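The structure appears below as structure tokens.
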Amino acid sequence: MNDPHPSPAPASPTPSSSVLLQGRFEGRSAFADLVRQAFAAAAAQGWREIILCDATFEDWPLGERSVAQSLNDWSTSGRTLTMLAQNYDEVTRRHARFVTWRRTWSHIVECRGSGAVAASDLPSAFWSPGWVFERLDLVRSIGVAGSEAARRVALRERLTEKLLRSSPAFPATTLGI
């Protein structure tokens, strides 16, 4: 049947960095959607490195089924995920699927703790070589995202500085007696 007024093709379920947000975002739901889209893009495009930073990750949708699936799809040899938090208590409390995934893929996941660094000194950010976002106002979940080289380099430098002052944290398994 030929429709004289065809509707546009539906958006691809696997976003690329060209369709990831370029600009400002606001609100918890917009932030959560951005995290989901970023992990889906990482899986679809095979991003080799991801750095996540947040004081607690409590309001990130890490425990959602769609994020876990994207992480499974992304996980392969040669990939690395680095996480930096002040502590991981909320991750273990709120994100069971992520904790299970992290245990399975511990060989490509490095979790670091900021220790004495104040939570307010840690950016809430997602970094990849091709696209980044950072929340500038945590209370209202307001931030910026983009693929501009200057934005990516500046965020990477700040994250590297924080990582250099961090120590290993959130082990994949706990050894007991």
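Ordering of the structure tokens sets the chain letters (A, B, ...), residue numbers begin anew at 1 in every chain, and ligands are numbered from 1 in the order given.
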Produce a table with one row for each residue of segment 37-136 of chain A that has an atom at most 10 Å from any atom of segment 141-158 of chain A, each row naming the nearest atom pair and its distance in Å at one decimal; use only C-alpha atoms; arrange rows by chain and rising residue number; format as CSV.
```
residue,atom,partner,partner_atom,distance
A:Ile51,CA,A:Arg156,CA,8.7
A:Asp59,CA,A:Ser141,CA,9.7
A:Leu122,CA,A:Arg158,CA,9.3
A:Pro123,CA,A:Arg158,CA,8.5
A:Ser124,CA,A:Gly143,CA,9.3
A:Ala125,CA,A:Leu155,CA,8.3
A:Phe126,CA,A:Ala145,CA,9.1
A:Trp127,CA,A:Arg156,CA,7.0
A:Ser128,CA,A:Arg152,CA,7.8
A:Pro129,CA,A:Arg152,CA,7.1
A:Gly130,CA,A:Ser147,CA,5.7
A:Trp131,CA,A:Ser147,CA,4.2
A:Val132,CA,A:Ala145,CA,5.6
A:Phe133,CA,A:Ala145,CA,4.0
A:Glu134,CA,A:Gly143,CA,5.5
A:Arg135,CA,A:Gly143,CA,4.0
A:Leu136,CA,A:Gly143,CA,4.9
```
Can I get the selection written as a tab-separated table (two decimals), in the first residue's frame, with C-alpha atoms?
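As written to disk, out-v3.tsv reads:
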```tsv
chain	number	residue	atom	x	y	z
A	51	ILE	CA	35.58	7.46	31.95
A	59	ASP	CA	21.15	9.15	40.35
A	122	LEU	CA	34.50	15.76	41.68
A	123	PRO	CA	32.85	16.52	38.36
A	124	SER	CA	29.74	14.56	37.40
A	125	ALA	CA	30.81	13.58	33.92
A	126	PHE	CA	30.93	11.01	31.12
A	127	TRP	CA	34.03	11.13	28.90
A	128	SER	CA	34.81	9.27	25.70
A	129	PRO	CA	37.32	10.09	22.97
A	130	GLY	CA	34.53	11.40	20.72
A	131	TRP	CA	31.84	12.86	22.98
A	132	VAL	CA	31.40	14.04	26.58
A	133	PHE	CA	28.91	15.48	29.01
A	134	GLU	CA	29.20	17.17	32.37
A	135	ARG	CA	26.57	18.16	34.89
A	136	LEU	CA	27.34	21.64	36.16
```
Near Trp60 of chain A, counting only C-alpha atoms, which residues have an atom at most 9 Å away, once you skip same-chain residues fewer than 6 positions from it, shown as a ChimeraX atom specification? /A:31-32,35,95
Between A:Thr56, A:Gln45, A:Ser29, A:Ser66, smallest distance to Arg79 of chain A by only C-alpha atoms belongs to A:Gln45
Which residue, A:Met83, A:Arg93, A:Ala116, A:Ala38, has the smallest gap to Ser70 of chain A when you use only C-alpha atoms? A:Ala38
Find the residues near Phe170 of chain A: any atom within 10 Å, counting only C-alpha atoms, skip ones fewer than 3 places away on the same chain, and give them as a PyMOL selection string. chain A and resi 83-85+87-89+91-92+99+102+110-113+173-174
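When atom CA of Gly63 of chain A is paired with atom CA of Arg97 of chain A, their separation reads 4.9 Å.
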Sel. of strand (DSSP E or B) residues, segment 36-102 of chain A, as JSON, numbers by chain: {"A": [49, 50, 51, 52, 53, 80, 81, 82, 83, 84, 85]}
List every residue of segment 48-125 of chain A that DSSP, applied to the backbone, labels as alpha helix (DSSP H), and write the result as number ranges by chain. A: 65-74, 89-94, 96-104
Selection from above, C-alpha atoms, as a PDB file, in the first residue's frame, can you write it?
```pdb
ATOM      1  CA  ARG A  65      18.220  -3.231  32.111  1.00  0.00           C
ATOM      2  CA  SER A  66      18.867  -1.088  28.998  1.00  0.00           C
ATOM      3  CA  VAL A  67      22.146   0.245  30.409  1.00  0.00           C
ATOM      4  CA  ALA A  68      23.264  -3.244  31.419  1.00  0.00           C
ATOM      5  CA  GLN A  69      22.463  -4.476  27.900  1.00  0.00           C
ATOM      6  CA  SER A  70      24.399  -1.600  26.333  1.00  0.00           C
ATOM      7  CA  LEU A  71      27.358  -2.359  28.594  1.00  0.00           C
ATOM      8  CA  ASN A  72      27.202  -6.044  27.621  1.00  0.00           C
ATOM      9  CA  ASP A  73      27.116  -5.071  23.950  1.00  0.00           C
ATOM     10  CA  TRP A  74      30.042  -2.669  24.464  1.00  0.00           C
ATOM     11  CA  ASP A  89      28.067   2.730  48.639  1.00  0.00           C
ATOM     12  CA  GLU A  90      25.140   3.966  46.524  1.00  0.00           C
ATOM     13  CA  VAL A  91      26.292   1.938  43.521  1.00  0.00           C
ATOM     14  CA  THR A  92      26.100  -1.294  45.507  1.00  0.00           C
ATOM     15  CA  ARG A  93      22.820  -0.215  47.122  1.00  0.00           C
ATOM     16  CA  ARG A  94      20.970   1.012  43.997  1.00  0.00           C
ATOM     17  CA  ALA A  96      22.522  -4.391  41.328  1.00  0.00           C
ATOM     18  CA  ARG A  97      22.666  -5.101  37.581  1.00  0.00           C
ATOM     19  CA  PHE A  98      25.695  -2.860  37.225  1.00  0.00           C
ATOM     20  CA  VAL A  99      27.438  -4.525  40.187  1.00  0.00           C
ATOM     21  CA  THR A 100      26.879  -7.935  38.565  1.00  0.00           C
ATOM     22  CA  TRP A 101      28.109  -6.661  35.191  1.00  0.00           C
ATOM     23  CA  ARG A 102      31.168  -5.089  36.849  1.00  0.00           C
ATOM     24  CA  ARG A 103      32.011  -8.428  38.507  1.00  0.00           C
ATOM     25  CA  THR A 104      31.787 -10.250  35.172  1.00  0.00           C
TER      26      THR A 104
END
```
Using only C-alpha atoms, the best pick from A:Pro61, A:Arg48, A:Ala41, A:Ala55 as closest to Ser75 of chain A would be A:Arg48
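You will find atom CA of Leu34 of chain A at 7.9 Å from atom CA of Leu20 of chain A.
The smallest atom-to-atom distance between Leu138 of chain A and any of A:Phe25, A:Trp47, A:Trp105, A:Phe39, using only C-alpha atoms, is found for A:Phe25.
Taking atom CA of Leu163 of chain A and atom CA of Ser120 of chain A as the two end points, the separation is 15.3 Å.
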